[in-house]
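File shown here: upload04.cif, holding mmCIF, C-alpha atoms.
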data_final
#
loop_
_atom_site.label_atom_id
_atom_site.label_comp_id
_atom_site.auth_asym_id
_atom_site.auth_seq_id
_atom_site.Cartn_x
_atom_site.Cartn_y
_atom_site.Cartn_z
CA MET E 508 0.00 0.00 0.00
CA GLU E 509 2.85 2.44 0.82
CA HIS E 510 4.29 1.80 -2.63
CA LEU E 511 0.97 2.79 -4.22
CA ILE E 512 0.74 5.91 -2.07
CA GLY E 513 4.28 6.79 -3.18
CA LYS E 514 3.15 6.60 -6.79
CA ALA E 515 0.20 8.87 -6.05
CA ASN E 516 2.51 11.39 -4.35
CA THR E 517 4.76 11.38 -7.40
CA LEU E 518 1.78 12.21 -9.58
CA MET E 519 0.72 15.01 -7.22
CA GLU E 520 4.25 16.46 -7.33
CA ALA E 521 3.98 16.60 -11.11
CA LEU E 522 0.53 18.24 -11.17
CA PRO E 523 1.62 21.91 -10.79
CA TYR E 524 4.14 21.47 -13.60
CA ILE E 525 1.57 19.84 -15.87
CA ARG E 526 -0.77 22.79 -15.33
CA ARG E 527 2.02 25.32 -15.89
CA PHE E 528 3.40 23.81 -19.09
CA SER E 529 0.25 22.65 -20.90
CA GLY E 530 0.09 24.49 -24.22
CA LYS E 531 3.77 25.51 -24.04
CA THR E 532 6.57 24.45 -26.38
CA PHE E 533 9.67 22.48 -25.38
CA VAL E 534 12.61 22.06 -27.75
CA ILE E 535 14.62 18.96 -26.90
CA LYS E 536 18.04 18.13 -28.29
CA TYR E 537 18.35 14.35 -28.47
CA GLY E 538 21.83 12.87 -28.68
CA GLY E 539 24.60 10.88 -27.07
CA HIS E 540 24.18 7.48 -25.42
CA ALA E 541 20.40 7.93 -25.26
CA MET E 542 20.33 7.37 -29.04
CA SER E 543 22.29 4.11 -29.02
CA ASP E 544 20.86 2.12 -26.09
CA ALA E 545 17.58 0.31 -26.85
CA ARG E 546 16.26 0.74 -23.31
CA LEU E 547 16.99 4.48 -23.34
CA LYS E 548 15.53 4.94 -26.82
CA GLN E 549 12.25 3.47 -25.61
CA SER E 550 12.37 5.59 -22.44
CA PHE E 551 12.94 8.77 -24.47
CA ALA E 552 10.13 7.95 -26.91
CA LEU E 553 7.68 7.35 -24.07
CA ASP E 554 8.72 10.61 -22.35
CA ILE E 555 8.04 12.58 -25.54
CA ILE E 556 4.69 10.88 -26.11
CA MET E 557 3.75 11.60 -22.50
CA LEU E 558 4.56 15.30 -22.94
CA LYS E 559 2.49 15.46 -26.10
CA SER E 560 -0.45 13.72 -24.42
CA LEU E 561 -0.31 16.35 -21.64
CA GLY E 562 -0.70 19.14 -24.17
CA ILE E 563 2.97 20.14 -24.31
CA ASN E 564 4.28 20.78 -27.82
CA THR E 565 7.60 19.04 -28.31
CA VAL E 566 10.13 19.71 -31.07
CA ILE E 567 13.10 17.36 -31.29
CA VAL E 568 16.48 18.23 -32.78
CA HIS E 569 18.78 15.22 -32.94
CA GLY E 570 22.52 14.78 -33.19
CA GLY E 571 24.40 11.88 -34.65
CA GLY E 572 28.09 12.34 -33.92
CA PRO E 573 28.92 8.67 -33.16
CA GLN E 574 27.07 7.48 -36.26
CA ILE E 575 28.91 10.06 -38.39
CA ASN E 576 32.25 9.04 -36.86
CA GLU E 577 31.60 5.38 -37.64
CA THR E 578 30.66 6.07 -41.26
CA LEU E 579 33.58 8.47 -41.83
CA LYS E 580 35.91 5.80 -40.47
CA ARG E 581 34.57 3.28 -42.98
CA TYR E 582 35.28 5.79 -45.76
CA GLY E 583 38.77 6.47 -44.41
CA ILE E 584 38.01 10.12 -43.60
CA VAL E 585 39.70 11.51 -40.49
CA SER E 586 37.82 14.14 -38.48
CA GLU E 587 39.31 17.22 -36.85
CA PHE E 588 37.50 19.38 -34.30
CA VAL E 589 37.83 23.08 -33.45
CA ARG E 590 36.20 24.12 -30.15
CA GLY E 591 33.85 21.14 -30.34
CA MET E 592 32.89 21.77 -34.01
CA ARG E 593 33.71 19.19 -36.71
CA VAL E 594 35.83 20.54 -39.57
CA THR E 595 33.69 19.69 -42.63
CA ASP E 596 35.05 19.53 -46.17
CA ALA E 597 32.89 18.54 -49.18
CA ASP E 598 33.43 14.78 -48.72
CA THR E 599 32.66 14.98 -45.01
CA MET E 600 29.54 17.05 -45.70
CA SER E 601 28.20 14.37 -48.05
CA VAL E 602 28.62 11.73 -45.33
CA VAL E 603 27.14 13.98 -42.63
CA GLU E 604 24.02 14.66 -44.68
CA MET E 605 23.61 11.00 -45.64
CA VAL E 606 23.90 9.83 -42.03
CA LEU E 607 21.85 12.55 -40.30
CA VAL E 608 18.99 12.76 -42.80
CA GLY E 609 18.93 9.31 -44.36
CA GLN E 610 19.76 7.20 -41.32
CA VAL E 611 19.45 8.86 -37.92
CA ASN E 612 16.38 11.00 -38.62
CA THR E 613 14.35 8.12 -40.01
CA GLU E 614 15.35 5.93 -37.08
CA VAL E 615 14.23 8.51 -34.47
CA VAL E 616 10.95 9.10 -36.29
CA GLY E 617 10.34 5.37 -36.60
CA TYR E 618 10.96 4.75 -32.92
CA LEU E 619 8.57 7.50 -31.83
CA ASN E 620 5.86 6.25 -34.15
CA LEU E 621 6.41 2.66 -33.07
CA HIS E 622 5.57 3.65 -29.50
CA GLY E 623 2.42 5.57 -30.35
CA GLY E 624 3.69 9.00 -31.40
CA ARG E 625 2.96 10.98 -34.58
CA ALA E 626 6.44 12.08 -35.57
CA VAL E 627 7.48 13.70 -38.85
CA GLY E 628 11.11 13.88 -39.95
CA LEU E 629 12.62 17.07 -41.36
CA SER E 630 16.00 18.38 -42.39
CA GLY E 631 16.85 22.06 -42.53
CA LYS E 632 16.37 21.89 -46.29
CA ASP E 633 12.68 20.99 -46.06
CA GLY E 634 10.68 24.15 -46.68
CA THR E 635 13.89 26.11 -46.05
CA LEU E 636 13.40 25.22 -42.41
CA LEU E 637 16.95 26.24 -41.43
CA LEU E 638 18.27 29.03 -43.64
CA SER E 639 21.98 29.07 -42.93
CA LYS E 640 25.35 30.68 -43.61
CA LYS E 641 28.98 29.65 -43.12
CA LEU E 642 30.14 29.74 -39.50
CA LEU E 643 33.66 31.07 -38.90
CA GLN E 644 35.19 29.91 -35.63
CA GLU E 645 37.37 32.06 -33.38
CA VAL E 646 40.23 30.28 -31.62
CA LYS E 647 43.04 31.38 -29.33
CA ALA E 648 46.54 31.44 -30.82
CA GLU E 649 49.62 30.43 -28.82
CA ASP E 650 50.43 34.08 -28.08
CA GLY E 651 46.99 34.57 -26.50
CA SER E 652 45.47 36.47 -29.40
CA THR E 653 42.39 35.24 -31.28
CA GLU E 654 42.19 34.25 -34.92
CA THR E 655 39.29 33.38 -37.21
CA VAL E 656 39.32 29.89 -38.72
CA ASP E 657 37.30 28.62 -41.68
CA ILE E 658 36.17 25.09 -40.79
CA GLY E 659 34.45 24.31 -44.08
CA PHE E 660 30.76 23.54 -44.58
CA VAL E 661 29.91 24.27 -40.96
CA GLY E 662 26.93 26.55 -40.66
CA ASP E 663 25.05 28.93 -38.44
CA VAL E 664 21.28 29.41 -38.58
CA ILE E 665 20.12 32.77 -39.96
CA LYS E 666 16.38 32.07 -39.88
CA VAL E 667 14.03 29.32 -38.72
CA ASN E 668 10.82 28.73 -40.70
CA THR E 669 8.52 28.51 -37.71
CA ASP E 670 5.40 28.31 -39.92
CA LEU E 671 6.37 24.79 -40.96
CA ILE E 672 6.90 23.69 -37.36
CA LYS E 673 3.66 25.30 -36.14
CA THR E 674 1.68 23.66 -38.94
CA LEU E 675 2.91 20.27 -37.79
CA GLU E 676 2.23 21.09 -34.14
CA ASN E 677 -1.30 22.18 -34.97
CA GLY E 678 -1.83 18.80 -36.58
CA ALA E 679 -0.67 17.09 -33.35
CA TYR E 680 2.57 15.93 -34.99
CA ILE E 681 6.01 15.86 -33.38
CA PRO E 682 8.64 17.55 -35.61
CA VAL E 683 12.00 15.75 -35.61
CA ILE E 684 14.74 17.91 -37.12
CA ALA E 685 18.10 16.80 -38.53
CA PRO E 686 20.71 19.58 -38.10
CA VAL E 687 21.53 20.09 -41.77
CA GLY E 688 20.99 23.66 -42.96
CA VAL E 689 20.61 25.16 -46.42
CA GLY E 690 22.46 28.21 -47.73
CA ALA E 691 21.26 30.95 -50.05
CA GLN E 692 22.62 29.05 -53.06
CA GLY E 693 21.16 25.71 -51.98
CA GLU E 694 24.40 24.44 -50.43
CA SER E 695 24.26 22.12 -47.42
CA TYR E 696 25.73 23.02 -44.04
CA ASN E 697 26.66 20.82 -41.12
CA ILE E 698 25.31 22.61 -38.04
CA ASN E 699 25.96 21.71 -34.44
CA ALA E 700 22.74 20.13 -33.15
CA ASP E 701 22.88 22.09 -29.88
CA LEU E 702 23.12 25.33 -31.85
CA VAL E 703 20.14 24.31 -34.01
CA ALA E 704 18.10 23.43 -30.93
CA GLY E 705 18.89 26.83 -29.40
CA ARG E 706 17.96 28.73 -32.56
CA VAL E 707 14.72 26.77 -32.97
CA ALA E 708 13.81 27.31 -29.30
CA ALA E 709 14.44 31.05 -29.63
CA ALA E 710 12.41 31.33 -32.85
CA LEU E 711 9.47 29.52 -31.22
CA ASN E 712 9.78 31.50 -27.98
CA ALA E 713 9.91 28.13 -26.26
CA GLU E 714 9.24 27.62 -22.59
CA LYS E 715 12.20 25.26 -22.27
CA LEU E 716 15.31 24.19 -24.14
CA ILE E 717 16.51 20.78 -22.97
CA LEU E 718 19.83 19.24 -24.06
CA LEU E 719 20.47 15.54 -23.44
CA THR E 720 24.15 14.73 -22.89
CA ASP E 721 26.43 11.94 -21.69
CA THR E 722 27.31 13.76 -18.48
CA PRO E 723 25.24 14.50 -15.34
CA GLY E 724 25.06 18.15 -16.46
CA VAL E 725 27.47 21.09 -16.18
CA LEU E 726 30.35 20.29 -13.82
CA ASP E 727 32.66 22.61 -11.92
CA SER E 728 36.47 22.32 -11.80
CA ARG E 729 36.15 19.59 -9.16
CA LYS E 730 33.78 17.61 -11.42
CA LYS E 731 30.84 18.30 -9.13
CA LEU E 732 27.40 18.82 -10.66
CA LEU E 733 26.13 22.39 -10.71
CA PRO E 734 22.33 22.14 -10.26
CA SER E 735 21.83 25.74 -11.42
CA ILE E 736 24.06 28.37 -12.99
CA ALA E 737 23.52 31.90 -14.25
CA VAL E 738 24.83 33.01 -17.63
CA ALA E 739 27.50 35.20 -15.99
CA ASP E 740 28.83 32.17 -14.09
CA MET E 741 28.88 30.16 -17.31
CA HIS E 742 31.23 32.65 -18.99
CA ARG E 743 33.53 32.53 -15.96
CA LEU E 744 33.65 28.72 -16.05
CA ILE E 745 34.63 28.80 -19.73
CA GLU E 746 37.42 31.29 -19.01
CA GLU E 747 38.65 29.11 -16.14
CA GLU E 748 38.51 26.09 -18.50
CA ALA E 749 36.18 24.22 -16.16
CA ILE E 750 33.87 24.00 -19.18
CA THR E 751 35.76 22.70 -22.22
CA GLY E 752 35.39 20.85 -25.52
CA GLY E 753 31.92 19.82 -26.63
CA MET E 754 30.28 21.35 -23.55
CA ILE E 755 31.21 24.87 -24.75
CA PRO E 756 28.75 25.00 -27.67
CA LYS E 757 26.07 23.50 -25.42
CA VAL E 758 26.24 26.18 -22.74
CA VAL E 759 26.77 28.97 -25.29
CA CYS E 760 23.64 27.97 -27.22
CA CYS E 761 21.70 27.89 -23.94
CA ALA E 762 22.87 31.41 -23.07
CA GLU E 763 21.94 32.72 -26.51
CA ALA E 764 18.51 31.06 -26.36
CA LEU E 765 17.83 32.67 -22.97
CA LYS E 766 18.87 36.04 -24.35
CA GLU E 767 16.38 35.59 -27.22
CA GLY E 768 13.44 34.85 -24.95
CA VAL E 769 13.53 31.15 -24.02
CA LYS E 770 12.38 30.91 -20.41
CA LYS E 771 14.82 28.31 -19.10
CA ALA E 772 17.48 25.92 -20.44
CA HIS E 773 18.47 22.52 -19.06
CA ILE E 774 21.46 20.25 -19.65
CA ILE E 775 20.64 16.77 -18.38
CA ASP E 776 22.02 13.23 -18.35
CA GLY E 777 20.44 11.31 -21.23
CA ARG E 778 21.91 8.06 -19.86
CA MET E 779 19.22 8.05 -17.16
CA GLU E 780 15.86 6.47 -17.91
CA HIS E 781 13.02 9.00 -18.20
CA ALA E 782 15.51 11.83 -17.78
CA VAL E 783 13.19 14.34 -19.47
CA LEU E 784 10.25 13.64 -17.18
CA LEU E 785 12.43 13.64 -14.07
CA GLU E 786 13.90 17.04 -14.92
CA ILE E 787 10.57 18.67 -15.79
CA PHE E 788 8.07 17.17 -13.37
CA THR E 789 10.04 16.86 -10.11
CA ASP E 790 10.91 19.59 -7.63
CA ILE E 791 14.64 18.79 -7.51
CA GLY E 792 15.39 17.81 -11.12
CA ILE E 793 18.41 15.78 -12.20
CA GLY E 794 20.72 18.02 -14.24
CA THR E 795 21.79 21.64 -14.61
CA GLU E 796 19.38 24.48 -15.25
CA ILE E 797 20.79 27.61 -16.86
CA ILE E 798 19.05 30.86 -16.03
CA LYS E 799 19.49 34.50 -16.98
#
Could you rewrite the structure in this file as structure tokens?
Amino acid sequence: MEHLIGKANTLMEALPYIRRFSGKTFVIKYGGHAMSDARLKQSFALDIIMLKSLGINTVIVHGGGPQINETLKRYGIVSEFVRGMRVTDADTMSVVEMVLVGQVNTEVVGYLNLHGGRAVGLSGKDGTLLLSKKLLQEVKAEDGSTETVDIGFVGDVIKVNTDLIKTLENGAYIPVIAPVGVGAQGESYNINADLVAGRVAAALNAEKLILLTDTPGVLDSRKKLLPSIAVADMHRLIEEEAITGGMIPKVVCCAEALKEGVKKAHIIDGRMEHAVLLEIFTDIGIGTEIIK
């Protein structure tokens, strides 16, 4: 009986959040280990379907780094990264687009639909969903100065076609977006999935931006989880090199999304079952929330 009462209490804890977020939009970046483990894939799909059934609009932006790495390796193409961004020449771009759009996107859509969802797959080229331009990366030189580096067909999002997303949401569909953008001349761009998620969240004026990762959240220099950080603290942690590598674009995109009107951003551990529900519908949460 106590076990049943515990379940009821859990539901009651979630009730204020359900009321608050019904009718709102969440943009969720799906990536990392959560995309490769069958148990976690099912858990994620059920979380998204639960959100949709509660009246919360969900937009998914997925990554695909491990799948891209595996395919590039088969083709004998070696990857190089600059501040967490993959250097992308023409051959790499062809593989990236093939994997993200033709393989990963269809798999995510299929899994959601298999478990009762109504998901529709999109790339940034569909309906000019993600109008993009070349992204030039700034890096520190050995003398401490900064220099601008061209890392190939790596893009930044200029504009998000929100009409397409809203049309799907109005039809009770779940948009699933592959992070491949389109330039003014029709060229393809490889765009960091976290960046895409942030831009989409800002364009939709989303209630929440949620990034799934393979870490508990944002960690300090002692590798302790930071349950909540302000944007000013985030910049300090980057300067102190407590935040490095692939976590940099994640926290930067969260800060930019908050600046553009997103209410709150979360970086959570996608290796935990039902991570999305636990972060949203419990008082404590499980990861790091980033606030203005």
### Query
How many Å separate atom CA of Asn612 of chain E from atom CA of Gln644 of chain E?
26.8 Å
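Between atom CA of Leu719 of chain E and atom CA of Val615 of chain E the interatomic distance comes to 14.5 Å.
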### Message
Using only C-alpha atoms, can you tell me which of E:Ala685, E:Leu744, E:Ala626, E:Ile698 comes closest to Lys640 of chain E?
### Response
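The shortest atom-to-atom distance to Lys640 of chain E comes from E:Ile698.
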### Target residues per the PyMOL selection byres ((chain E and resi 725) around 9), formatted as a ChimeraX atom specification
/E:722-724,726-727,730-736,750,754,758,774-775,794-796
Selection in question (the file shown): the PyMOL selection byres ((chain E and resi 675) around 12). Which residues does it include, as a short mmCIF file (atom, residue, chain, number, x, y, z; two decimals) with C-alpha atoms, keeping the file's coordinate frame?
data_model
loop_
_atom_site.label_atom_id
_atom_site.label_comp_id
_atom_site.auth_asym_id
_atom_site.auth_seq_id
_atom_site.Cartn_x
_atom_site.Cartn_y
_atom_site.Cartn_z
CA ASN E 564 4.28 20.78 -27.82
CA THR E 565 7.60 19.04 -28.31
CA VAL E 566 10.13 19.71 -31.07
CA ARG E 625 2.96 10.98 -34.58
CA ALA E 626 6.44 12.08 -35.57
CA VAL E 627 7.48 13.70 -38.85
CA GLY E 628 11.11 13.88 -39.95
CA LEU E 629 12.62 17.07 -41.36
CA ASN E 668 10.82 28.73 -40.70
CA THR E 669 8.52 28.51 -37.71
CA ASP E 670 5.40 28.31 -39.92
CA LEU E 671 6.37 24.79 -40.96
CA ILE E 672 6.90 23.69 -37.36
CA LYS E 673 3.66 25.30 -36.14
CA THR E 674 1.68 23.66 -38.94
CA GLU E 676 2.23 21.09 -34.14
CA ASN E 677 -1.30 22.18 -34.97
CA GLY E 678 -1.83 18.80 -36.58
CA ALA E 679 -0.67 17.09 -33.35
CA TYR E 680 2.57 15.93 -34.99
CA ILE E 681 6.01 15.86 -33.38
CA PRO E 682 8.64 17.55 -35.61
CA VAL E 683 12.00 15.75 -35.61
#
Could you add whatever atoms are missing so that segment 668-691 of chain E carries N, CA and C atoms, then write the result as a PDB file, keeping the file's coordinate frame?
ATOM      1  N   ASN E 668      12.183  28.645 -40.153  1.00  0.00           N
ATOM      2  CA  ASN E 668      10.820  28.730 -40.700  1.00  0.00           C
ATOM      3  C   ASN E 668       9.851  28.151 -39.683  1.00  0.00           C
ATOM      4  N   THR E 669       9.395  28.991 -38.785  1.00  0.00           N
ATOM      5  CA  THR E 669       8.520  28.510 -37.710  1.00  0.00           C
ATOM      6  C   THR E 669       7.132  28.118 -38.236  1.00  0.00           C
ATOM      7  N   ASP E 670       6.721  28.658 -39.382  1.00  0.00           N
ATOM      8  CA  ASP E 670       5.400  28.310 -39.920  1.00  0.00           C
ATOM      9  C   ASP E 670       5.296  26.809 -40.165  1.00  0.00           C
ATOM     10  N   LEU E 671       6.366  26.219 -40.690  1.00  0.00           N
ATOM     11  CA  LEU E 671       6.370  24.790 -40.960  1.00  0.00           C
ATOM     12  C   LEU E 671       6.218  23.989 -39.671  1.00  0.00           C
ATOM     13  N   ILE E 672       6.962  24.389 -38.646  1.00  0.00           N
ATOM     14  CA  ILE E 672       6.900  23.690 -37.360  1.00  0.00           C
ATOM     15  C   ILE E 672       5.515  23.835 -36.734  1.00  0.00           C
ATOM     16  N   LYS E 673       4.969  25.052 -36.760  1.00  0.00           N
ATOM     17  CA  LYS E 673       3.660  25.300 -36.140  1.00  0.00           C
ATOM     18  C   LYS E 673       2.543  24.555 -36.875  1.00  0.00           C
ATOM     19  N   THR E 674       2.676  24.430 -38.191  1.00  0.00           N
ATOM     20  CA  THR E 674       1.680  23.660 -38.940  1.00  0.00           C
ATOM     21  C   THR E 674       1.651  22.213 -38.484  1.00  0.00           C
ATOM     22  N   LEU E 675       2.833  21.652 -38.270  1.00  0.00           N
ATOM     23  CA  LEU E 675       2.910  20.270 -37.790  1.00  0.00           C
ATOM     24  C   LEU E 675       2.376  20.159 -36.365  1.00  0.00           C
ATOM     25  N   GLU E 676       2.717  21.116 -35.524  1.00  0.00           N
ATOM     26  CA  GLU E 676       2.230  21.090 -34.140  1.00  0.00           C
ATOM     27  C   GLU E 676       0.708  21.186 -34.099  1.00  0.00           C
ATOM     28  N   ASN E 677       0.152  22.029 -34.933  1.00  0.00           N
ATOM     29  CA  ASN E 677      -1.300  22.180 -34.970  1.00  0.00           C
ATOM     30  C   ASN E 677      -1.998  20.903 -35.415  1.00  0.00           C
ATOM     31  N   GLY E 678      -1.286  20.090 -36.169  1.00  0.00           N
ATOM     32  CA  GLY E 678      -1.830  18.800 -36.580  1.00  0.00           C
ATOM     33  C   GLY E 678      -1.514  17.680 -35.604  1.00  0.00           C
ATOM     34  N   ALA E 679      -1.016  18.050 -34.415  1.00  0.00           N
ATOM     35  CA  ALA E 679      -0.670  17.090 -33.350  1.00  0.00           C
ATOM     36  C   ALA E 679       0.500  16.191 -33.731  1.00  0.00           C
ATOM     37  N   TYR E 680       1.371  16.686 -34.617  1.00  0.00           N
ATOM     38  CA  TYR E 680       2.570  15.930 -34.990  1.00  0.00           C
ATOM     39  C   TYR E 680       3.762  16.399 -34.149  1.00  0.00           C
ATOM     40  N   ILE E 681       4.773  15.551 -34.091  1.00  0.00           N
ATOM     41  CA  ILE E 681       6.010  15.860 -33.380  1.00  0.00           C
ATOM     42  C   ILE E 681       7.105  16.076 -34.429  1.00  0.00           C
ATOM     43  N   PRO E 682       7.562  17.310 -34.647  1.00  0.00           N
ATOM     44  CA  PRO E 682       8.640  17.550 -35.610  1.00  0.00           C
ATOM     45  C   PRO E 682       9.967  17.003 -35.084  1.00  0.00           C
ATOM     46  N   VAL E 683      10.677  16.286 -35.952  1.00  0.00           N
ATOM     47  CA  VAL E 683      12.000  15.750 -35.610  1.00  0.00           C
ATOM     48  C   VAL E 683      12.977  16.298 -36.653  1.00  0.00           C
ATOM     49  N   ILE E 684      13.915  17.126 -36.209  1.00  0.00           N
ATOM     50  CA  ILE E 684      14.740  17.910 -37.120  1.00  0.00           C
ATOM     51  C   ILE E 684      16.184  17.405 -37.135  1.00  0.00           C
ATOM     52  N   ALA E 685      16.689  17.113 -38.342  1.00  0.00           N
ATOM     53  CA  ALA E 685      18.100  16.800 -38.530  1.00  0.00           C
ATOM     54  C   ALA E 685      18.862  18.110 -38.730  1.00  0.00           C
ATOM     55  N   PRO E 686      20.011  18.286 -38.071  1.00  0.00           N
ATOM     56  CA  PRO E 686      20.710  19.580 -38.100  1.00  0.00           C
ATOM     57  C   PRO E 686      21.552  19.808 -39.352  1.00  0.00           C
ATOM     58  N   VAL E 687      20.900  19.764 -40.489  1.00  0.00           N
ATOM     59  CA  VAL E 687      21.530  20.090 -41.770  1.00  0.00           C
ATOM     60  C   VAL E 687      20.831  21.327 -42.316  1.00  0.00           C
ATOM     61  N   GLY E 688      21.576  22.418 -42.493  1.00  0.00           N
ATOM     62  CA  GLY E 688      20.990  23.660 -42.960  1.00  0.00           C
ATOM     63  C   GLY E 688      21.178  23.849 -44.455  1.00  0.00           C
ATOM     64  N   VAL E 689      20.502  24.852 -44.994  1.00  0.00           N
ATOM     65  CA  VAL E 689      20.610  25.160 -46.420  1.00  0.00           C
ATOM     66  C   VAL E 689      21.011  26.620 -46.587  1.00  0.00           C
ATOM     67  N   GLY E 690      21.996  26.859 -47.469  1.00  0.00           N
ATOM     68  CA  GLY E 690      22.460  28.210 -47.730  1.00  0.00           C
ATOM     69  C   GLY E 690      21.662  28.897 -48.810  1.00  0.00           C
ATOM     70  N   ALA E 691      21.993  30.153 -49.066  1.00  0.00           N
ATOM     71  CA  ALA E 691      21.260  30.950 -50.050  1.00  0.00           C
ATOM     72  C   ALA E 691      21.354  30.395 -51.450  1.00  0.00           C
TER      73      ALA E 691
END
